>>> print(open('start12.pdb').read())   # PDB, C-alpha atoms and all ligand atoms
ATOM      1  CA  MET A 131      80.782 -10.070  14.536  1.00  0.00           C
ATOM      2  CA  THR A 132      77.678 -10.969  16.495  1.00  0.00           C
ATOM      3  CA  GLU A 133      75.158  -8.421  17.716  1.00  0.00           C
ATOM      4  CA  SER A 134      76.158  -8.777  21.376  1.00  0.00           C
ATOM      5  CA  SER A 135      79.845  -8.194  20.757  1.00  0.00           C
ATOM      6  CA  ALA A 136      79.248  -5.114  18.602  1.00  0.00           C
ATOM      7  CA  PRO A 137      80.905  -2.069  20.154  1.00  0.00           C
ATOM      8  CA  SER A 138      78.481   0.398  21.673  1.00  0.00           C
ATOM      9  CA  PRO A 139      78.885   3.929  20.371  1.00  0.00           C
ATOM     10  CA  GLY A 140      79.032   6.956  22.470  1.00  0.00           C
ATOM     11  CA  PRO A 141      78.271   8.588  24.545  1.00  0.00           C
ATOM     12  CA  ILE A 142      76.452  10.603  21.918  1.00  0.00           C
ATOM     13  CA  VAL A 143      76.026  14.140  23.236  1.00  0.00           C
ATOM     14  CA  LEU A 144      73.655  16.739  21.794  1.00  0.00           C
ATOM     15  CA  TRP A 145      73.041  20.328  22.823  1.00  0.00           C
ATOM     16  CA  LEU A 146      69.484  21.294  21.956  1.00  0.00           C
ATOM     17  CA  SER A 147      67.800  24.663  22.060  1.00  0.00           C
ATOM     18  CA  SER A 148      64.727  24.735  24.293  1.00  0.00           C
ATOM     19  CA  ARG A 149      62.038  24.100  21.704  1.00  0.00           C
ATOM     20  CA  TYR A 150      59.490  21.311  21.820  1.00  0.00           C
ATOM     21  CA  GLU A 151      60.360  20.416  18.202  1.00  0.00           C
ATOM     22  CA  ASN A 152      63.626  19.040  19.559  1.00  0.00           C
ATOM     23  CA  LEU A 153      61.736  16.234  21.308  1.00  0.00           C
ATOM     24  CA  GLU A 154      61.611  14.588  17.858  1.00  0.00           C
ATOM     25  CA  LEU A 155      65.341  14.928  17.423  1.00  0.00           C
ATOM     26  CA  GLY A 156      65.989  13.290  20.792  1.00  0.00           C
ATOM     27  CA  GLN A 157      63.601  10.511  19.833  1.00  0.00           C
ATOM     28  CA  ALA A 158      65.371   9.979  16.497  1.00  0.00           C
ATOM     29  CA  VAL A 159      68.765   9.647  18.183  1.00  0.00           C
ATOM     30  CA  LEU A 160      67.304   7.207  20.712  1.00  0.00           C
ATOM     31  CA  GLU A 161      65.944   5.106  17.821  1.00  0.00           C
ATOM     32  CA  TYR A 162      69.388   5.104  16.237  1.00  0.00           C
ATOM     33  CA  VAL A 163      71.071   3.957  19.450  1.00  0.00           C
ATOM     34  CA  CYS A 164      68.423   1.276  20.068  1.00  0.00           C
ATOM     35  CA  ARG A 165      68.825  -0.062  16.523  1.00  0.00           C
ATOM     36  CA  LEU A 166      72.603  -0.183  16.911  1.00  0.00           C
ATOM     37  CA  ARG A 167      72.354  -2.040  20.209  1.00  0.00           C
ATOM     38  CA  GLY A 168      69.599  -4.392  19.070  1.00  0.00           C
ATOM     39  CA  ILE A 169      67.122  -3.130  21.676  1.00  0.00           C
ATOM     40  CA  GLU A 170      63.696  -4.423  20.734  1.00  0.00           C
ATOM     41  CA  ASN A 171      60.747  -2.196  19.859  1.00  0.00           C
ATOM     42  CA  ASP A 172      58.733  -2.616  23.036  1.00  0.00           C
ATOM     43  CA  ALA A 173      61.643  -1.588  25.287  1.00  0.00           C
ATOM     44  CA  GLU A 174      62.485   1.238  22.902  1.00  0.00           C
ATOM     45  CA  HIS A 175      58.925   2.507  23.124  1.00  0.00           C
ATOM     46  CA  TRP A 176      58.961   2.804  26.926  1.00  0.00           C
ATOM     47  CA  ILE A 177      62.467   4.276  27.047  1.00  0.00           C
ATOM     48  CA  GLY A 178      61.210   6.784  24.461  1.00  0.00           C
ATOM     49  CA  VAL A 179      58.314   7.821  26.703  1.00  0.00           C
ATOM     50  CA  ALA A 180      60.747   8.408  29.595  1.00  0.00           C
ATOM     51  CA  LEU A 181      63.082  10.387  27.334  1.00  0.00           C
ATOM     52  CA  ARG A 182      60.280  12.623  26.047  1.00  0.00           C
ATOM     53  CA  GLU A 183      59.135  13.382  29.597  1.00  0.00           C
ATOM     54  CA  ALA A 184      62.710  14.180  30.640  1.00  0.00           C
ATOM     55  CA  LEU A 185      63.343  16.486  27.677  1.00  0.00           C
ATOM     56  CA  ALA A 186      59.933  18.152  28.055  1.00  0.00           C
ATOM     57  CA  ASN A 187      60.699  18.912  31.722  1.00  0.00           C
ATOM     58  CA  ALA A 188      64.117  20.343  30.870  1.00  0.00           C
ATOM     59  CA  ILE A 189      62.587  22.551  28.147  1.00  0.00           C
ATOM     60  CA  LYS A 190      59.499  23.624  30.093  1.00  0.00           C
ATOM     61  CA  HIS A 191      60.336  23.676  33.810  1.00  0.00           C
ATOM     62  CA  GLY A 192      64.116  24.005  33.611  1.00  0.00           C
ATOM     63  CA  ASN A 193      64.725  26.366  30.710  1.00  0.00           C
ATOM     64  CA  ARG A 194      61.205  27.858  30.623  1.00  0.00           C
ATOM     65  CA  GLN A 195      61.091  27.490  26.845  1.00  0.00           C
ATOM     66  CA  ASP A 196      63.776  30.110  26.383  1.00  0.00           C
ATOM     67  CA  PRO A 197      65.357  28.998  23.069  1.00  0.00           C
ATOM     68  CA  SER A 198      68.657  30.614  24.010  1.00  0.00           C
ATOM     69  CA  ARG A 199      68.993  28.172  26.913  1.00  0.00           C
ATOM     70  CA  ARG A 200      70.227  24.750  26.014  1.00  0.00           C
ATOM     71  CA  VAL A 201      69.334  21.219  26.965  1.00  0.00           C
ATOM     72  CA  MET A 202      72.124  18.655  27.052  1.00  0.00           C
ATOM     73  CA  LEU A 203      71.231  15.119  26.039  1.00  0.00           C
ATOM     74  CA  SER A 204      73.713  12.288  26.391  1.00  0.00           C
ATOM     75  CA  LEU A 205      73.055   8.686  25.355  1.00  0.00           C
ATOM     76  CA  GLY A 206      75.713   6.331  26.601  1.00  0.00           C
ATOM     77  CA  GLY A 207      76.315   3.375  28.860  1.00  0.00           C
ATOM     78  CA  SER A 208      77.358  -0.067  27.728  1.00  0.00           C
ATOM     79  CA  ALA A 209      75.789  -2.677  25.443  1.00  0.00           C
ATOM     80  CA  ASN A 210      73.620  -4.009  28.279  1.00  0.00           C
ATOM     81  CA  ASP A 211      73.048  -0.797  30.177  1.00  0.00           C
ATOM     82  CA  LEU A 212      71.650   2.297  28.496  1.00  0.00           C
ATOM     83  CA  GLU A 213      72.408   5.570  30.274  1.00  0.00           C
ATOM     84  CA  ILE A 214      70.509   8.737  29.406  1.00  0.00           C
ATOM     85  CA  VAL A 215      71.525  12.077  30.912  1.00  0.00           C
ATOM     86  CA  VAL A 216      69.456  15.244  30.443  1.00  0.00           C
ATOM     87  CA  GLY A 217      70.794  18.545  31.742  1.00  0.00           C
ATOM     88  CA  ASP A 218      69.229  21.992  31.671  1.00  0.00           C
ATOM     89  CA  GLU A 219      70.137  25.586  32.480  1.00  0.00           C
ATOM     90  CA  GLY A 220      67.343  26.176  34.961  1.00  0.00           C
ATOM     91  CA  GLU A 221      67.311  26.749  38.709  1.00  0.00           C
ATOM     92  CA  GLY A 222      66.778  23.158  39.781  1.00  0.00           C
ATOM     93  CA  PHE A 223      63.985  21.905  42.056  1.00  0.00           C
ATOM     94  CA  GLU A 224      63.349  19.860  45.184  1.00  0.00           C
ATOM     95  CA  THR A 225      62.370  16.356  44.138  1.00  0.00           C
ATOM     96  CA  ALA A 226      60.954  15.728  47.609  1.00  0.00           C
ATOM     97  CA  ALA A 227      58.439  18.538  47.044  1.00  0.00           C
ATOM     98  CA  VAL A 228      57.003  16.987  43.866  1.00  0.00           C
ATOM     99  CA  ALA A 229      53.417  15.832  44.361  1.00  0.00           C
ATOM    100  CA  ASP A 230      52.689  12.092  44.328  1.00  0.00           C
ATOM    101  CA  PRO A 231      50.550  11.414  41.229  1.00  0.00           C
ATOM    102  CA  LEU A 232      49.066   8.323  42.921  1.00  0.00           C
ATOM    103  CA  ALA A 233      47.648  10.322  45.845  1.00  0.00           C
ATOM    104  CA  PRO A 234      43.826  10.375  45.637  1.00  0.00           C
ATOM    105  CA  GLU A 235      43.671  14.170  45.292  1.00  0.00           C
ATOM    106  CA  ASN A 236      46.023  14.032  42.271  1.00  0.00           C
ATOM    107  CA  GLN A 237      44.596  11.105  40.356  1.00  0.00           C
ATOM    108  CA  MET A 238      42.278  13.238  38.222  1.00  0.00           C
ATOM    109  CA  LYS A 239      45.050  15.621  37.215  1.00  0.00           C
ATOM    110  CA  THR A 240      46.412  15.308  33.696  1.00  0.00           C
ATOM    111  CA  SER A 241      49.843  16.705  34.588  1.00  0.00           C
ATOM    112  CA  GLY A 242      52.395  15.685  37.196  1.00  0.00           C
ATOM    113  CA  ARG A 243      53.119  12.188  35.897  1.00  0.00           C
ATOM    114  CA  GLY A 244      56.358  12.678  33.981  1.00  0.00           C
ATOM    115  CA  ILE A 245      58.772  11.781  36.776  1.00  0.00           C
ATOM    116  CA  PHE A 246      56.509   8.923  37.832  1.00  0.00           C
ATOM    117  CA  TYR A 247      56.637   7.494  34.281  1.00  0.00           C
ATOM    118  CA  MET A 248      60.416   7.824  34.166  1.00  0.00           C
ATOM    119  CA  LYS A 249      60.731   5.919  37.445  1.00  0.00           C
ATOM    120  CA  THR A 250      58.283   3.283  36.237  1.00  0.00           C
ATOM    121  CA  PHE A 251      59.931   2.589  32.883  1.00  0.00           C
ATOM    122  CA  MET A 252      63.581   2.992  33.794  1.00  0.00           C
ATOM    123  CA  ASP A 253      65.595   0.994  36.345  1.00  0.00           C
ATOM    124  CA  ASP A 254      67.279   3.928  38.024  1.00  0.00           C
ATOM    125  CA  VAL A 255      66.409   7.643  37.990  1.00  0.00           C
ATOM    126  CA  THR A 256      68.472  10.208  39.874  1.00  0.00           C
ATOM    127  CA  PHE A 257      68.393  14.003  39.972  1.00  0.00           C
ATOM    128  CA  SER A 258      71.336  16.201  40.825  1.00  0.00           C
ATOM    129  CA  ARG A 259      72.452  19.757  40.115  1.00  0.00           C
ATOM    130  CA  ASP A 260      75.340  21.056  38.099  1.00  0.00           C
ATOM    131  CA  GLU A 261      77.643  23.822  39.349  1.00  0.00           C
ATOM    132  CA  ARG A 262      75.262  26.508  38.045  1.00  0.00           C
ATOM    133  CA  GLY A 263      72.242  24.997  39.743  1.00  0.00           C
ATOM    134  CA  GLY A 264      70.637  23.427  36.665  1.00  0.00           C
ATOM    135  CA  THR A 265      69.054  20.001  36.867  1.00  0.00           C
ATOM    136  CA  VAL A 266      70.991  16.924  35.793  1.00  0.00           C
ATOM    137  CA  LEU A 267      68.763  13.891  35.369  1.00  0.00           C
ATOM    138  CA  THR A 268      70.384  10.479  34.943  1.00  0.00           C
ATOM    139  CA  MET A 269      68.288   7.471  33.900  1.00  0.00           C
ATOM    140  CA  ARG A 270      69.517   3.929  33.405  1.00  0.00           C
ATOM    141  CA  LYS A 271      67.901   0.942  31.790  1.00  0.00           C
ATOM    142  CA  HIS A 272      69.335  -2.544  31.958  1.00  0.00           C
ATOM    143  CA  ILE A 273      68.938  -4.252  28.605  1.00  0.00           C
ATOM    144  CA  GLY A 274      68.511  -7.966  29.245  1.00  0.00           C
ATOM    145  CA  SER A 275      68.907 -10.553  26.493  1.00  0.00           C
ATOM    146  CA  ASP A 276      65.101 -10.850  26.316  1.00  0.00           C
ATOM    147  CA  GLN A 277      64.967  -7.176  25.285  1.00  0.00           C
ATOM    148  CA  LYS A 278      67.362  -7.697  22.399  1.00  0.00           C
ATOM    149  CA  LYS A 279      66.148  -8.343  18.909  1.00  0.00           C
ATOM    150  CA  GLY A 280      66.410 -11.834  17.527  1.00  0.00           C
ATOM    151  CA  VAL A 281      66.360 -13.526  20.931  1.00  0.00           C
ATOM    152  CA  GLN A 282      63.744 -16.251  21.372  1.00  0.00           C
ATOM    153  CA  THR A 283      62.202 -16.102  24.820  1.00  0.00           C
ATOM    154  CA  ARG A 284      60.295 -19.361  24.459  1.00  0.00           C
TER     155      ARG A 284
HETATM  156  N1  LIG B   1      64.184  20.047  34.952  1.00  0.00           N
HETATM  157  C1  LIG B   1      63.371  20.586  35.866  1.00  0.00           C
HETATM  158  N2  LIG B   1      63.622  21.834  36.362  1.00  0.00           N
HETATM  159  C2  LIG B   1      62.800  22.379  37.294  1.00  0.00           C
HETATM  160  N3  LIG B   1      61.709  21.757  37.791  1.00  0.00           N
HETATM  161  C3  LIG B   1      61.415  20.532  37.339  1.00  0.00           C
HETATM  162  C4  LIG B   1      62.224  19.869  36.360  1.00  0.00           C
HETATM  163  N4  LIG B   1      61.699  18.647  36.113  1.00  0.00           N
HETATM  164  C5  LIG B   1      60.610  18.552  36.898  1.00  0.00           C
HETATM  165  N5  LIG B   1      60.423  19.682  37.636  1.00  0.00           N
HETATM  166  C6  LIG B   1      59.354  19.911  38.643  1.00  0.00           C
HETATM  167  O1  LIG B   1      58.767  18.675  38.967  1.00  0.00           O
HETATM  168  C7  LIG B   1      57.352  18.716  38.716  1.00  0.00           C
HETATM  169  C8  LIG B   1      56.848  17.352  38.273  1.00  0.00           C
HETATM  170  O2  LIG B   1      57.308  17.015  36.975  1.00  0.00           O
HETATM  171  P1  LIG B   1      56.481  15.952  36.144  1.00  0.00           P
HETATM  172  O3  LIG B   1      56.278  14.740  36.978  1.00  0.00           O
HETATM  173  O4  LIG B   1      57.149  15.756  34.829  1.00  0.00           O
HETATM  174  O5  LIG B   1      55.065  16.624  35.939  1.00  0.00           O
HETATM  175  P2  LIG B   1      54.629  17.891  35.045  1.00  0.00           P
HETATM  176  O6  LIG B   1      55.767  18.184  34.097  1.00  0.00           O
HETATM  177  O7  LIG B   1      53.400  17.451  34.325  1.00  0.00           O
HETATM  178  O8  LIG B   1      54.385  19.003  36.014  1.00  0.00           O
HETATM  179  C9  LIG B   1      57.177  19.821  37.693  1.00  0.00           C
HETATM  180  O9  LIG B   1      55.883  20.375  37.734  1.00  0.00           O
HETATM  181  C10 LIG B   1      58.252  20.814  38.129  1.00  0.00           C
HETATM  182  O10 LIG B   1      57.794  21.602  39.198  1.00  0.00           O
HETATM  183 MG    MG B   2      56.715  16.771  32.990  1.00  0.00          MG
END
>>> encode(input="start12.pdb", output="structure tokens", more="lines below")
Ligand SMILES: Nc1ncnc2c1ncn2[C@@H]1O[C@H](COP(=O)(O)OP(=O)(O)O)[C@@H](O)[C@H]1O
Ligand SMILES: [Mg+2]
Amino acid sequence: MTESSAPSPGPIVLWLSSRYENLELGQAVLEYVCRLRGIENDAEHWIGVALREALANAIKHGNRQDPSRRVMLSLGGSANDLEIVVGDEGEGFETAAVADPLAPENQMKTSGRGIFYMKTFMDDVTFSRDERGGTVLTMRKHIGSDQKKGVQTR
């Protein structure tokens, strides 16, 4: 069986308690999925940055680091389209009210770039709310053949 016809697993769904240590666990599962799908290291690196920012927001802003509140992480999609969903048990927020990190008055700030990074590295980023009001973040990344291991681009 060739790499491209290998079945894609998942979705893999994890429920994590709201501790920063669990960022590593999310990262480890992402590595596993990327290895299985043949996603090359550079793409994996940038998807990993987006995932860390998403999980950190769910833990910090959504669940306010309350370890009894859980963060849902789902890694799914198809062989050529990775879908990451991160859900939290917070109160949600208005995306329109989030400050633009590229505005001159914000450029010296060290925070406020997480959502910007996610939108930069991923192809599609959408926020919605679940029935309890918590944030559901869905990110997609198209995995082209040039982002698969073993493919010669020149
Ligand atoms: N899951 C979430 N629940 C509630 N608020 C959120 C969530 N994710 C992001 N936010 C809000 O959006 C803002 C911008 O997030 P981000 O770009 O990651 O910057 P930072 O986390 O450094 O503040 C946060 O400060 C917070 O107010
Ligand atoms: Mg953040």
>>> residues_near_ligand(input="start12.pdb", ligand="ligand MG 2 (chain B)", cutoff="8 Å", atoms="only C-alpha atoms and all ligand atoms", output="VMD selection string")
chain A and resid 183 to 184 186 to 187 190 to 191 241 to 245
>>> residues_around(input="start12.pdb", residues="range 259-270 of chain A", least_positions_apart="6", cutoff="12 Å", atoms="only C-alpha atoms", output="VMD selection string")
chain A and resid 177 to 178 180 to 181 183 to 185 187 to 189 191 to 193 199 to 208 210 to 225 245 247 to 253
>>> write_last_selection(input="start12.pdb", atoms="C-alpha atoms", output="compact mmCIF listing (two decimals), keeping the file's coordinate frame")
# COMPACT_ATOMS: atom_id res chain seq x y z
CA ILE A 177 62.47 4.28 27.05
CA GLY A 178 61.21 6.78 24.46
CA ALA A 180 60.75 8.41 29.60
CA LEU A 181 63.08 10.39 27.33
CA GLU A 183 59.14 13.38 29.60
CA ALA A 184 62.71 14.18 30.64
CA LEU A 185 63.34 16.49 27.68
CA ASN A 187 60.70 18.91 31.72
CA ALA A 188 64.12 20.34 30.87
CA ILE A 189 62.59 22.55 28.15
CA HIS A 191 60.34 23.68 33.81
CA GLY A 192 64.12 24.00 33.61
CA ASN A 193 64.72 26.37 30.71
CA ARG A 199 68.99 28.17 26.91
CA ARG A 200 70.23 24.75 26.01
CA VAL A 201 69.33 21.22 26.96
CA MET A 202 72.12 18.66 27.05
CA LEU A 203 71.23 15.12 26.04
CA SER A 204 73.71 12.29 26.39
CA LEU A 205 73.06 8.69 25.36
CA GLY A 206 75.71 6.33 26.60
CA GLY A 207 76.32 3.38 28.86
CA SER A 208 77.36 -0.07 27.73
CA ASN A 210 73.62 -4.01 28.28
CA ASP A 211 73.05 -0.80 30.18
CA LEU A 212 71.65 2.30 28.50
CA GLU A 213 72.41 5.57 30.27
CA ILE A 214 70.51 8.74 29.41
CA VAL A 215 71.53 12.08 30.91
CA VAL A 216 69.46 15.24 30.44
CA GLY A 217 70.79 18.55 31.74
CA ASP A 218 69.23 21.99 31.67
CA GLU A 219 70.14 25.59 32.48
CA GLY A 220 67.34 26.18 34.96
CA GLU A 221 67.31 26.75 38.71
CA GLY A 222 66.78 23.16 39.78
CA PHE A 223 63.98 21.90 42.06
CA GLU A 224 63.35 19.86 45.18
CA THR A 225 62.37 16.36 44.14
CA ILE A 245 58.77 11.78 36.78
CA TYR A 247 56.64 7.49 34.28
CA MET A 248 60.42 7.82 34.17
CA LYS A 249 60.73 5.92 37.44
CA THR A 250 58.28 3.28 36.24
CA PHE A 251 59.93 2.59 32.88
CA MET A 252 63.58 2.99 33.79
CA ASP A 253 65.60 0.99 36.34
>>> atom_distance(input="start12.pdb", atom1="CA of Asn236 in chain A", atom2="CA of Phe257 in chain A")
22.5 Å
>>> closest_residue(input="start12.pdb", among="A:Met238, A:Leu155, A:Val255, A:Ala227", to="ligand LIG 1 (chain B)", atoms="all atoms listed in the file")
A:Ala227
>>> residues_around(input="start12.pdb", residues="Cys164 in chain A", least_positions_apart="3", cutoff="10 Å", atoms="only C-alpha atoms", output="VMD selection string")
chain A and resid 158 to 161 167 to 171 173 to 174 177 209 212 278 to 279
>>> axis_aligned_box(input="start12.pdb", around="ligand LIG 1 (chain B)", padding_each_side="8 Å", output="AutoDock Vina command-line options")
--center_x 58.8 --center_y 18.6 --center_z 36.6 --size_x 26.8 --size_y 23.6 --size_z 21.1
>>> atom_distance(input="start12.pdb", atom1="atom C4 of ligand LIG 1 (chain B)", atom2="CA of Ser258 in chain A")
10.8 Å
>>> residues_around(input="start12.pdb", residues="Arg149 in chain A", least_positions_apart="4", cutoff="8 Å", atoms="only C-alpha atoms", output="list in words")
Leu153, Ile189, Gln195, Asp196 and Pro197 of chain A
>>> closest_residue(input="start12.pdb", among="A:Asp172, A:Asp276, A:Asp230, A:Glu235", to="ligand LIG 1 (chain B)", atoms="all atoms listed in the file")
A:Asp230
>>> atom_distance(input="start12.pdb", atom1="CA of Lys239 in chain A", atom2="CA of Asn152 in chain A")
25.9 Å
>>> closest_residue(input="start12.pdb", among="A:Ile273, A:Leu144, A:Ala226, A:Ala233", to="ligand LIG 1 (chain B)", atoms="all atoms listed in the file")
A:Ala226
